[in-house]
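**Q** Next comes the structure file query39.tsv, holding TSV, C-alpha atoms.
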```tsv
chain	number	residue	atom	x	y	z
A	1	MET	CA	41.02	80.56	49.81
A	2	LYS	CA	41.73	83.62	51.93
A	3	ILE	CA	38.65	85.26	53.48
A	4	PRO	CA	38.45	89.03	52.86
A	5	LYS	CA	39.12	91.09	56.01
A	6	MET	CA	35.64	92.66	56.07
A	7	GLU	CA	33.95	89.28	55.76
A	8	GLU	CA	36.23	87.82	58.45
A	9	ASN	CA	35.32	90.62	60.87
A	10	HIS	CA	31.61	90.13	60.10
A	11	MET	CA	31.93	86.42	60.88
A	12	LYS	CA	33.65	87.17	64.18
A	13	MET	CA	30.93	89.65	65.14
A	14	LYS	CA	28.20	87.09	64.39
A	15	LEU	CA	30.04	84.56	66.55
A	16	TRP	CA	30.20	86.94	69.51
A	17	MET	CA	26.53	87.87	69.09
A	18	LEU	CA	25.64	84.17	69.19
A	19	LEU	CA	27.78	83.67	72.29
A	20	ALA	CA	26.20	86.70	73.97
A	21	GLY	CA	22.75	85.26	73.31
A	22	MET	CA	23.74	81.93	74.86
A	23	LEU	CA	25.19	83.67	77.91
A	24	SER	CA	22.03	85.74	78.35
A	25	LEU	CA	19.86	82.62	78.32
A	26	PHE	CA	22.19	80.90	80.78
A	27	CYS	CA	22.07	83.89	83.12
A	28	VAL	CA	18.27	84.05	83.04
A	29	LEU	CA	18.26	80.44	84.17
A	30	ALA	CA	20.79	81.32	86.90
A	31	LYS	CA	18.49	83.94	88.40
A	32	GLU	CA	15.61	81.46	88.64
A	33	ASN	CA	17.38	79.35	91.26
A	34	PRO	CA	16.18	79.83	94.85
A	35	GLY	CA	18.33	79.83	97.95
A	36	ALA	CA	21.03	82.31	96.96
A	37	ALA	CA	23.85	82.64	99.47
A	38	THR	CA	24.21	85.91	101.39
A	39	TYR	CA	27.48	87.75	101.94
A	40	GLN	CA	29.43	87.92	105.17
A	41	SER	CA	33.11	88.61	105.84
A	42	HIS	CA	35.32	85.74	107.00
A	43	GLU	CA	38.46	87.59	108.06
A	44	THR	CA	39.64	86.49	111.49
A	45	GLN	CA	42.54	86.93	113.91
A	46	GLU	CA	42.63	83.25	114.82
A	47	GLU	CA	46.21	81.97	114.60
A	48	SER	CA	45.05	78.65	113.16
A	49	ALA	CA	43.49	80.29	110.08
A	50	PRO	CA	45.45	80.24	106.81
A	51	VAL	CA	47.29	83.43	105.93
A	52	VAL	CA	46.40	85.53	102.89
A	53	TYR	CA	49.14	88.01	102.06
A	54	PHE	CA	48.08	91.30	100.50
A	55	THR	CA	49.83	94.15	98.73
A	56	ARG	CA	48.51	97.29	97.09
A	57	ASP	CA	51.58	97.35	94.82
A	58	ILE	CA	50.31	95.95	91.53
A	59	SER	CA	53.66	95.57	89.82
A	60	SER	CA	56.04	92.83	88.77
A	61	GLN	CA	58.22	93.44	91.83
A	62	GLY	CA	55.13	93.64	94.03
A	63	MET	CA	53.99	90.21	92.83
A	64	LEU	CA	57.44	88.71	93.38
A	65	LYS	CA	57.54	90.08	96.94
A	66	LEU	CA	54.06	88.68	97.54
A	67	PHE	CA	55.08	85.26	96.22
A	68	ARG	CA	58.20	85.15	98.36
A	69	ALA	CA	56.13	85.89	101.46
A	70	LEU	CA	54.48	82.48	101.01
A	71	ASN	CA	57.80	80.75	101.72
A	72	TRP	CA	56.68	78.05	99.29
A	73	THR	CA	59.19	76.14	97.18
A	74	PRO	CA	57.79	74.39	94.10
A	75	GLN	CA	58.94	70.85	93.50
A	76	GLY	CA	60.13	69.61	90.10
A	77	LYS	CA	58.72	70.98	86.86
A	78	THR	CA	56.43	73.94	87.59
A	79	GLY	CA	53.45	75.08	85.54
A	80	VAL	CA	52.12	78.61	85.93
A	81	LYS	CA	48.38	78.55	85.21
A	82	ILE	CA	47.01	81.81	83.85
A	83	SER	CA	44.33	82.95	81.41
A	84	THR	CA	45.90	83.86	78.09
A	85	GLY	CA	42.99	86.24	77.35
A	86	GLU	CA	40.40	86.19	74.58
A	87	PRO	CA	41.02	88.66	71.72
A	88	PRO	CA	40.44	91.37	70.84
A	89	ALA	CA	39.65	93.33	74.03
A	90	SER	CA	39.71	91.31	77.26
A	91	HIS	CA	41.50	92.47	80.42
A	92	TYR	CA	43.94	89.57	80.85
A	93	LEU	CA	47.02	89.94	83.07
A	94	GLN	CA	49.91	91.43	81.12
A	95	PRO	CA	53.16	89.48	80.66
A	96	ALA	CA	55.20	92.34	82.16
A	97	LEU	CA	53.29	91.95	85.45
A	98	LEU	CA	53.91	88.20	85.57
A	99	LYS	CA	57.47	88.06	84.29
A	100	ASP	CA	59.55	88.21	87.50
A	101	THR	CA	57.45	85.67	89.38
A	102	VAL	CA	57.13	83.24	86.47
A	103	GLN	CA	60.87	83.31	85.93
A	104	ALA	CA	61.60	83.01	89.66
A	105	VAL	CA	59.93	79.57	89.69
A	106	LYS	CA	61.43	78.65	86.29
A	107	GLY	CA	57.83	78.20	85.22
A	108	THR	CA	56.15	77.11	82.05
A	109	ILE	CA	52.94	79.01	81.31
A	110	VAL	CA	50.06	76.55	80.89
A	111	GLU	CA	46.49	76.80	79.62
A	112	CYS	CA	43.70	74.75	78.03
A	113	ASN	CA	41.47	75.40	75.03
A	114	THR	CA	37.99	76.91	75.36
A	115	ALA	CA	34.54	75.32	75.18
A	116	TYR	CA	32.74	78.28	73.58
A	117	GLY	CA	34.60	78.76	70.30
A	118	GLY	CA	36.40	82.07	69.93
A	119	SER	CA	40.08	82.50	69.12
A	120	ARG	CA	41.42	79.90	71.59
A	121	ALA	CA	39.26	76.89	70.72
A	122	THR	CA	41.88	74.99	68.72
A	123	ASN	CA	45.56	74.29	69.26
A	124	ALA	CA	46.90	76.42	66.41
A	125	MET	CA	44.64	79.40	67.12
A	126	HIS	CA	45.36	79.34	70.85
A	127	LYS	CA	49.10	79.20	70.32
A	128	GLN	CA	48.86	82.19	68.00
A	129	VAL	CA	47.01	84.18	70.68
A	130	VAL	CA	49.70	83.29	73.23
A	131	LYS	CA	52.33	84.62	70.86
A	132	ASP	CA	50.33	87.73	69.95
A	133	HIS	CA	49.73	88.56	73.63
A	134	GLY	CA	53.45	88.42	74.40
A	135	PHE	CA	53.61	85.46	76.77
A	136	LEU	CA	56.31	83.65	74.78
A	137	GLU	CA	58.60	86.58	75.54
A	138	ILE	CA	58.68	85.73	79.26
A	139	ALA	CA	58.42	81.90	79.42
A	140	PRO	CA	57.80	78.71	77.44
A	141	PHE	CA	54.16	77.74	76.89
A	142	ASP	CA	52.38	74.38	77.10
A	143	LEU	CA	48.81	73.80	75.91
A	144	LEU	CA	47.82	71.14	78.43
A	145	ASP	CA	44.97	69.63	76.38
A	146	GLU	CA	46.78	69.74	73.04
A	147	GLU	CA	46.75	65.92	72.97
A	148	GLY	CA	43.48	65.35	74.80
A	149	SER	CA	42.16	64.90	78.34
A	150	TYR	CA	43.44	63.27	81.49
A	151	PRO	CA	40.97	62.06	84.16
A	152	ILE	CA	41.74	62.74	87.82
A	153	PRO	CA	39.63	61.50	90.75
A	154	VAL	CA	37.35	63.69	92.86
A	155	PRO	CA	36.61	61.60	95.98
A	156	GLY	CA	33.06	61.89	97.28
A	157	ALA	CA	31.84	64.11	94.43
A	158	LYS	CA	28.09	64.43	93.96
A	159	ARG	CA	28.36	66.28	90.62
A	160	LEU	CA	31.56	65.07	88.97
A	161	VAL	CA	31.08	61.40	89.76
A	162	LYS	CA	33.40	60.39	86.90
A	163	GLY	CA	36.14	62.64	88.24
A	164	ASP	CA	37.57	65.73	86.57
A	165	TYR	CA	38.94	65.95	83.02
A	166	VAL	CA	42.05	68.12	82.81
A	167	GLY	CA	44.49	68.51	79.93
A	168	LEU	CA	46.64	65.43	79.26
A	169	HIS	CA	49.89	67.32	79.93
A	170	PHE	CA	48.68	68.13	83.47
A	171	LYS	CA	50.47	65.03	84.72
A	172	ASP	CA	53.83	66.28	83.39
A	173	TYR	CA	54.15	68.85	86.18
A	174	GLN	CA	55.03	68.32	89.82
A	175	SER	CA	53.95	71.80	90.99
A	176	TYR	CA	51.62	74.59	89.91
A	177	LEU	CA	51.48	78.28	90.66
A	178	VAL	CA	47.95	79.46	89.85
A	179	ILE	CA	47.86	83.18	89.03
A	180	SER	CA	44.29	84.39	88.60
A	181	HIS	CA	42.87	87.69	87.47
A	182	PHE	CA	40.01	88.21	89.92
A	183	LYS	CA	36.98	89.73	88.15
A	184	GLY	CA	33.33	89.12	87.31
A	185	HIS	CA	32.04	86.31	85.13
A	186	ALA	CA	28.90	86.06	83.01
A	187	MET	CA	28.07	82.55	84.26
A	188	ALA	CA	29.87	82.01	87.58
A	189	GLY	CA	29.39	85.56	88.90
A	190	PHE	CA	33.09	85.89	89.64
A	191	GLY	CA	36.31	84.21	88.67
A	192	GLY	CA	39.33	83.71	90.90
A	193	ALA	CA	41.46	80.81	92.09
A	194	ILE	CA	38.59	78.28	92.23
A	195	LYS	CA	37.47	79.02	88.69
A	196	ASN	CA	41.06	78.90	87.40
A	197	LEU	CA	41.56	75.53	89.10
A	198	SER	CA	38.36	74.08	87.67
A	199	ILE	CA	37.31	75.62	84.36
A	200	GLY	CA	40.88	76.78	83.72
A	201	PHE	CA	42.46	73.34	83.97
A	202	GLY	CA	39.47	71.65	82.33
A	203	SER	CA	40.11	70.39	78.80
A	204	GLY	CA	38.31	72.24	76.01
A	205	THR	CA	36.06	71.00	73.24
A	206	SER	CA	39.14	70.16	71.16
A	207	ALA	CA	39.43	67.08	73.41
A	208	LYS	CA	37.18	64.01	73.08
A	209	GLU	CA	36.01	64.40	76.67
A	210	SER	CA	35.79	68.07	77.61
A	211	GLY	CA	36.35	68.88	81.27
A	212	LYS	CA	34.95	72.36	80.71
A	213	ILE	CA	31.64	70.99	79.39
A	214	TYR	CA	31.53	68.40	82.17
A	215	ILE	CA	31.82	71.17	84.79
A	216	HIS	CA	29.49	73.65	83.07
A	217	SER	CA	26.79	70.99	82.67
A	218	GLY	CA	27.06	70.06	86.35
A	219	GLY	CA	28.42	66.62	85.50
A	220	LEU	CA	25.80	65.70	82.91
A	221	ARG	CA	27.97	65.36	79.79
A	222	THR	CA	31.50	65.73	78.41
A	223	SER	CA	30.49	66.90	74.93
A	224	GLY	CA	27.73	68.92	73.32
A	225	SER	CA	25.95	71.75	75.12
A	226	PHE	CA	27.57	73.18	78.25
A	227	ARG	CA	24.23	74.39	79.63
A	228	GLY	CA	23.16	73.05	82.99
A	229	GLU	CA	21.48	73.95	86.26
A	230	GLN	CA	23.23	76.89	87.92
A	231	LEU	CA	23.91	75.52	91.39
A	232	ALA	CA	25.09	72.22	89.91
A	233	PHE	CA	27.57	74.17	87.77
A	234	LEU	CA	28.89	76.16	90.74
A	235	GLU	CA	29.23	73.00	92.83
A	236	ALA	CA	30.99	71.19	89.99
A	237	MET	CA	33.55	74.00	89.93
A	238	GLY	CA	34.31	73.43	93.61
A	239	GLU	CA	34.65	69.69	93.09
A	240	ALA	CA	36.95	70.09	90.09
A	241	ALA	CA	39.12	72.54	92.04
A	242	LYS	CA	39.40	70.01	94.86
A	243	GLY	CA	40.39	67.29	92.41
A	244	VAL	CA	43.22	69.42	91.03
A	245	CYS	CA	44.50	70.30	94.50
A	246	LEU	CA	44.41	66.69	95.67
A	247	ALA	CA	46.36	65.66	92.57
A	248	MET	CA	49.16	68.01	93.64
A	249	GLU	CA	50.26	66.06	96.72
A	250	GLY	CA	47.06	66.86	98.57
A	251	GLY	CA	47.53	70.58	97.91
A	252	ARG	CA	51.14	70.83	99.10
A	253	ASN	CA	52.54	71.44	95.63
A	254	ILE	CA	50.22	74.23	94.55
A	255	ALA	CA	50.05	77.93	95.44
A	256	PHE	CA	47.82	80.86	94.50
A	257	ILE	CA	48.01	84.52	93.55
A	258	ASN	CA	44.93	86.65	92.82
A	259	VAL	CA	45.28	90.01	91.07
A	260	LEU	CA	42.46	92.47	91.77
A	261	ASN	CA	42.90	94.99	88.98
A	262	ALA	CA	40.85	95.91	85.89
A	263	LEU	CA	37.81	94.68	87.84
A	264	SER	CA	35.31	94.28	85.02
A	265	VAL	CA	32.02	92.44	85.44
A	266	ASP	CA	33.22	90.23	82.58
A	267	CYS	CA	35.81	87.47	82.43
A	268	ASP	CA	39.03	87.41	80.39
A	269	CYS	CA	37.28	84.74	78.28
A	270	ASN	CA	35.09	87.55	76.87
A	271	GLY	CA	36.77	89.19	73.91
A	272	HIS	CA	34.50	92.22	74.24
A	273	ALA	CA	34.57	92.61	78.03
A	274	ALA	CA	32.87	95.56	79.70
A	275	ALA	CA	35.18	98.34	80.84
A	276	PRO	CA	36.06	98.25	84.57
A	277	ASP	CA	34.04	100.78	86.56
A	278	MET	CA	35.77	100.49	89.95
A	279	HIS	CA	39.26	101.14	91.28
A	280	ASP	CA	42.10	98.60	91.37
A	281	ILE	CA	42.53	96.99	94.80
A	282	GLY	CA	45.80	95.04	94.91
A	283	MET	CA	47.12	91.47	94.87
A	284	MET	CA	46.88	88.49	97.22
A	285	ALA	CA	48.80	85.26	97.74
A	286	SER	CA	47.94	82.15	99.74
A	287	LEU	CA	48.39	78.40	99.93
A	288	ASP	CA	44.61	78.02	100.38
A	289	PRO	CA	42.40	78.49	97.29
A	290	LEU	CA	39.18	79.07	99.22
A	291	ALA	CA	40.77	81.53	101.63
A	292	ILE	CA	42.23	83.64	98.82
A	293	ASP	CA	38.92	83.80	96.94
A	294	GLN	CA	37.03	84.64	100.15
A	295	ALA	CA	39.53	87.40	100.93
A	296	SER	CA	39.16	88.74	97.39
A	297	ILE	CA	35.37	88.76	97.72
A	298	ASP	CA	35.67	90.57	101.07
A	299	MET	CA	37.83	93.26	99.48
A	300	VAL	CA	35.30	93.75	96.69
A	301	TYR	CA	32.35	93.99	99.08
A	302	GLN	CA	34.21	96.55	101.19
A	303	ALA	CA	34.91	98.77	98.16
A	304	LYS	CA	32.60	101.78	97.73
A	305	ASP	CA	32.52	101.59	93.93
A	306	ALA	CA	31.91	97.85	93.45
A	307	GLY	CA	28.15	97.98	92.84
A	308	SER	CA	28.24	96.57	89.32
A	309	LEU	CA	30.56	93.72	90.23
A	310	ILE	CA	28.58	92.82	93.34
A	311	GLU	CA	25.37	92.76	91.29
A	312	ARG	CA	27.04	90.41	88.81
A	313	ILE	CA	28.23	88.11	91.59
A	314	GLU	CA	24.87	87.93	93.35
A	315	SER	CA	22.73	87.68	90.21
A	316	ARG	CA	24.64	84.50	89.31
A	317	GLN	CA	24.60	83.19	92.90
A	318	GLY	CA	28.38	83.25	92.87
A	319	LEU	CA	28.69	83.16	96.65
A	320	HIS	CA	27.32	79.63	96.58
A	321	THR	CA	30.66	78.56	95.11
A	322	LEU	CA	32.34	79.58	98.37
A	323	ASP	CA	29.65	77.93	100.50
A	324	TYR	CA	30.00	74.63	98.67
A	325	ALA	CA	33.81	74.78	98.57
A	326	ALA	CA	33.77	75.07	102.36
A	327	GLU	CA	31.27	72.18	102.62
A	328	ILE	CA	33.53	69.84	100.63
A	329	GLN	CA	36.62	71.07	102.52
A	330	LEU	CA	38.44	72.55	99.56
A	331	GLY	CA	39.97	74.97	102.06
A	332	SER	CA	39.08	77.45	104.77
A	333	ARG	CA	36.77	80.46	104.42
A	334	ALA	CA	38.28	81.95	107.57
A	335	TYR	CA	41.64	83.61	106.93
A	336	ARG	CA	44.14	86.02	108.43
A	337	LEU	CA	45.01	88.97	106.19
A	338	VAL	CA	48.63	90.11	106.36
A	339	GLU	CA	49.36	93.30	104.43
A	340	LEU	CA	52.91	93.66	103.19
A	341	PRO	CA	54.61	97.04	103.70
```
Do you think you could lay out the structure here as structure tokens?
**A**
Amino acid sequence: MKIPKMEENHMKMKLWMLLAGMLSLFCVLAKENPGAATYQSHETQEESAPVVYFTRDISSQGMLKLFRALNWTPQGKTGVKISTGEPPASHYLQPALLKDTVQAVKGTIVECNTAYGGSRATNAMHKQVVKDHGFLEIAPFDLLDEEGSYPIPVPGAKRLVKGDYVGLHFKDYQSYLVISHFKGHAMAGFGGAIKNLSIGFGSGTSAKESGKIYIHSGGLRTSGSFRGEQLAFLEAMGEAAKGVCLAMEGGRNIAFINVLNALSVDCDCNGHAAAPDMHDIGMMASLDPLAIDQASIDMVYQAKDAGSLIERIESRQGLHTLDYAAEIQLGSRAYRLVELP
């Protein structure tokens, strides 16, 4: 039986209200944790530091130029990990911006289902969103967890002791280009390369063992509630990101682009994201996931109109993600910034 349009919209609104309530409770718990990290810049001129390339040209050609500056050649079948964006009003990266770079690597766009419901929680619904958002017009698409989860090891993990659960199709690719929309996040404070590597590659609740729930719960469970202690969640993200990088030839077969535009306090997983209230900054590329996120954070903190986003980051203790990622040697916080002409 077909649900009347008005009733369907009412059901969607109730779902988002329920999700908002859950996020609010989670964020209250986040603020109760002591020992929040404090901000400091990590840009350096040391030659040994990894390079983060930067351009103010937020365009398809600008991204392609940025990617080529990396001098990185993907091996074999290449997945391009993005966020496909939650309907109806998130600020996901537009296909036109991604097109030239995705096609330059002969990439397949890849994603996993969500753990919070919404319009991308099941295979059929998620594929429809991908089509509606125009991604099929620039590249083929693969839903990595369409057939379940795939466990990968995380050596020395204190949170994800069972490893990390990514989508089963993860193993079908020899290289990944991770293109992340850098922005705020209701739970993590901010989302960039590390979040895309961890939560992004984590299998959704459509899988028997959900990597997303395992990370959100700080390694407590792979099904059921994704609530957990805040610092455990942030640390689990770092561990999952490390697991993904290690799985790609120790990090040699993976590269990163962060896009700093439409800088809302909310993630692209929020279908009713707050409007951005600061200016666009630019785009970055690096072979180091921690360096690119640290450089992105530095750019945000240097901006004069980033008050709302900084408050979101600090109220969720988001900087702890960078502290812990450095502790577990995911990458380097120190970086050299090279701006492209």
**Q** Can you pull out the residues contacting Val80 in chain A? Cut-off 12 Å, using only C-alpha atoms, and skip same-chain residues under 6 positions away; I want them as a compact mmCIF listing (two decimals) with C-alpha atoms, in the frame of the given file.
**A**
```txt
# COMPACT_ATOMS: atom_id res chain seq x y z
CA PRO A 74 57.79 74.39 94.10
CA LEU A 98 53.91 88.20 85.57
CA LYS A 99 57.47 88.06 84.29
CA THR A 101 57.45 85.67 89.38
CA VAL A 102 57.13 83.24 86.47
CA GLN A 103 60.87 83.31 85.93
CA ALA A 104 61.60 83.01 89.66
CA VAL A 105 59.93 79.57 89.69
CA LYS A 106 61.43 78.65 86.29
CA GLY A 107 57.83 78.20 85.22
CA THR A 108 56.15 77.11 82.05
CA ILE A 109 52.94 79.01 81.31
CA VAL A 110 50.06 76.55 80.89
CA GLU A 111 46.49 76.80 79.62
CA PHE A 135 53.61 85.46 76.77
CA ILE A 138 58.68 85.73 79.26
CA ALA A 139 58.42 81.90 79.42
CA PRO A 140 57.80 78.71 77.44
CA PHE A 141 54.16 77.74 76.89
CA ASP A 142 52.38 74.38 77.10
CA LEU A 143 48.81 73.80 75.91
CA LEU A 144 47.82 71.14 78.43
CA PHE A 170 48.68 68.13 83.47
CA TYR A 173 54.15 68.85 86.18
CA GLN A 174 55.03 68.32 89.82
CA SER A 175 53.95 71.80 90.99
CA TYR A 176 51.62 74.59 89.91
CA LEU A 177 51.48 78.28 90.66
CA VAL A 178 47.95 79.46 89.85
CA ILE A 179 47.86 83.18 89.03
CA SER A 180 44.29 84.39 88.60
CA ASN A 196 41.06 78.90 87.40
CA LEU A 197 41.56 75.53 89.10
CA GLY A 200 40.88 76.78 83.72
CA PHE A 201 42.46 73.34 83.97
CA ILE A 254 50.22 74.23 94.55
CA ALA A 255 50.05 77.93 95.44
CA PHE A 256 47.82 80.86 94.50
CA ILE A 257 48.01 84.52 93.55
```
**Q** Using only C-alpha atoms, which of the listed residues (A:Gly184, A:Gly76, A:Pro87, A:Pro151) sits closest to Ser308 in chain A?
**A**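 Smallest separation from Ser308 in chain A among the options: A:Gly184.
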**Q** Select, from A:Ser203, A:Gln302, A:Asn71, A:Gln294, the residue with the minimum atom-to-atom distance to Leu319 in chain A, counting only C-alpha atoms.
**A**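 Ranked by minimum distance to Leu319 in chain A, first place goes to A:Gln294.
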**Q** Identify, on the basis of all atoms listed in the file, every residue whose closest approach to Tyr335 in chain A does not exceed 6 Å; exclude the query and any residue fewer than 4 positions from it along the same chain; express the result as a ChimeraX atom specification.
**A** /A:43-44,49-51,291
**Q** Tell me, in Å to one decimal, how far CA of Thr73 in chain A is from CA of Asn253 in chain A.
**A**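 Separating CA of Thr73 in chain A from CA of Asn253 in chain A is a distance of 8.3 Å.
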**Q** I'd like the neighbourhood of range 54-57 of chain A as a PyMOL selection string, where a residue qualifies if any of its atoms comes within 12 Å (using all atoms listed in the file), though same-chain residues fewer than 3 positions away should be ignored.
**A** chain A and resi 51+60-67+69-70+97+257-261+279-286+292+295-296+299+335-341
**Q** Just to confirm, what's the straight-line distance from CA of Ser225 in chain A to CA of Thr84 in chain A in Å (one decimal)?
**A** 23.5 Å
**Q** Can you work out which one of A:Tyr214, A:Phe226, A:Tyr116, A:Tyr39 has the shortest atom-to-atom distance to Ala240 in chain A, counting all atoms listed in the file?
**A**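 Ranking A:Tyr214, A:Phe226, A:Tyr116, A:Tyr39 by distance to Ala240 in chain A, first place goes to A:Tyr214.
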**Q** Separation of CA of Ile328 in chain A and CA of Lys77 in chain A, in Å?
**A**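 Taking CA of Ile328 in chain A and CA of Lys77 in chain A, their separation equals 28.7 Å.
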**Q** Pick out the closest residue to Ala334 in chain A from this set: A:Gly148, A:Gly134, A:Gly156, A:Pro289. Count all atoms listed in the file.
**A**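 Looking at the shortest contact to Ala334 in chain A, the residue is A:Pro289.
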**Q** Env of Ala262 in chain A: 10 Å cut, atoms = all atoms listed in the file, seq-sep filter 4 positions within chain, self excluded. Answer as a count of residues only.
**A** 14
**Q** Do you know which residues are at most 9 Å from Ala232 in chain A counting only C-alpha atoms, after dropping those on the same chain fewer than 5 positions away, and could you put them as a ChimeraX atom specification?
**A** /A:159,215-219,237
**Q** Output C-alpha atoms for every residue in the selection just made, as an mmCIF file, in the frame of the given file.
**A**
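Output saved as out.cif:
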```cif
data_model
loop_
_atom_site.group_PDB
_atom_site.id
_atom_site.type_symbol
_atom_site.label_atom_id
_atom_site.label_comp_id
_atom_site.auth_asym_id
_atom_site.auth_seq_id
_atom_site.Cartn_x
_atom_site.Cartn_y
_atom_site.Cartn_z
ATOM 1 C CA ARG A 159 28.360 66.280 90.620
ATOM 2 C CA ILE A 215 31.820 71.170 84.790
ATOM 3 C CA HIS A 216 29.490 73.650 83.070
ATOM 4 C CA SER A 217 26.790 70.990 82.670
ATOM 5 C CA GLY A 218 27.060 70.060 86.350
ATOM 6 C CA GLY A 219 28.420 66.620 85.500
ATOM 7 C CA MET A 237 33.550 74.000 89.930
#
```
**Q** Compare A:Leu168, A:Leu290, A:Ala96, A:Ile310 by their minimum atom-to-atom distance to Asp323 in chain A, counting all atoms listed in the file, and give me the closest one.
**A** A:Leu290
**Q** Using only C-alpha atoms, pick whichever of A:Asp164, A:Gln329, A:Gly118, A:His42 has the shortest atom-to-atom distance to Ser210 in chain A.
**A**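 Among the listed residues, A:Asp164 lies closest to Ser210 in chain A.
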